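Following: one structure in structure tokens, then a few remarks.
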Amino acid sequence: LAYIKKDGNDFKIETVQEGIKRNYSLSKEDIRVVKNYDIVHTNIYSHTIHLLPYLKEKNDLVSFDYSFKVDYEKLEEIKEYIDILFISKDNMLKEEFSQLKEYNIDYVVLSSGNKGFIVLHNEQEYFKEPVGDYIKDSTGAGDTLIAEILFGIHQKQELDTILDRAARKAYQSCLGIGPFHSF
């Protein structure tokens, strides 16, 4: 259950309560099947942090979304099992940004809603400004951004192409109410 509040002309997820999902865990069969995918994407809400070593051993690319709840101490422990890291944060401090550079994760994507996003890759920083400024509801835009970036990496596209498309698609998802939109 996500608590979403109106924030100016947009909506923001304020807190998340897991409810019955709190007691859910993947079965051995679920975990076994995951090794058949090219990219495995999981997040802070999936209760899979303890599985990251296994996932990394069995899969070429492991993507992890820390959402807005990044835990830097835990990230220090699990960084070697993550190839693509997503963090959503309105105000990224310079110290945090510098720390993330030192983790040696292939791709680090920091999204800041209407401020755009930054990708760290091969010691290079790529900044993408938002495509537009009209936002009806940004709920789900981060997930759209993640999906587009993972798709582009999987297809081995040029990073500039990936980021341009991801920015456009994430913006398109902001033009309606709620995270479910038809493009």
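Following the order of the structure tokens, chains are lettered A, B, ..., residues in each are numbered from 1, and ligands are numbered from 1.
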
Would you pick out the contacts of Leu120 of chain A at 7 Å or less, using only C-alpha atoms, so that residues sharing its chain but fewer than 5 positions from it are not included, and give the list as a PyMOL selection string?
chain A and resi 107-109+125-126

Print the selection's residues with C-alpha atoms to a file, as an mmCIF file, in the first residue's frame.
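File result_27.cif, as written:
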```
data_model
loop_
_atom_site.group_PDB
_atom_site.id
_atom_site.type_symbol
_atom_site.label_atom_id
_atom_site.label_comp_id
_atom_site.auth_asym_id
_atom_site.auth_seq_id
_atom_site.Cartn_x
_atom_site.Cartn_y
_atom_site.Cartn_z
ATOM 1 C CA TYR A 107 25.562 1.735 -14.097
ATOM 2 C CA VAL A 108 24.249 4.009 -11.354
ATOM 3 C CA VAL A 109 21.067 5.907 -12.205
ATOM 4 C CA GLU A 125 28.447 11.250 -15.905
ATOM 5 C CA TYR A 126 25.493 11.649 -18.246
#
```

Can you list, as a count of residues only, all residues belonging to chain A that DSSP tags as helix (DSSP H, G or I)?
71

In terms of the shortest atom-to-atom distance over only C-alpha atoms, which of A:Tyr81, A:Phe151, A:Tyr103, A:Phe117 is closest to Ala167 of chain A?
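Among the listed residues, A:Phe117 lies closest to Ala167 of chain A.
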
Quick one: pick out all strand (DSSP E) residues within chain A from a backbone DSSP run and write them as number ranges by chain.
A: 2-7, 10-16, 39-43, 61-65, 84-88, 107-111, 117-121, 124-128

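The smallest atom-to-atom distance between Phe86 of chain A and any of A:Thr42, A:Thr48, A:Asn59, A:Gln124, using only C-alpha atoms, is found for A:Thr42.
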
Shell around Glu76 of chain A at 12 Å using only C-alpha atoms, local window under 6 positions removed, as a list of chain:residue names
A:Val70, A:Ile82, A:Gln99, A:Leu100, A:Glu102, A:Tyr103, A:Asn104, A:Ile105
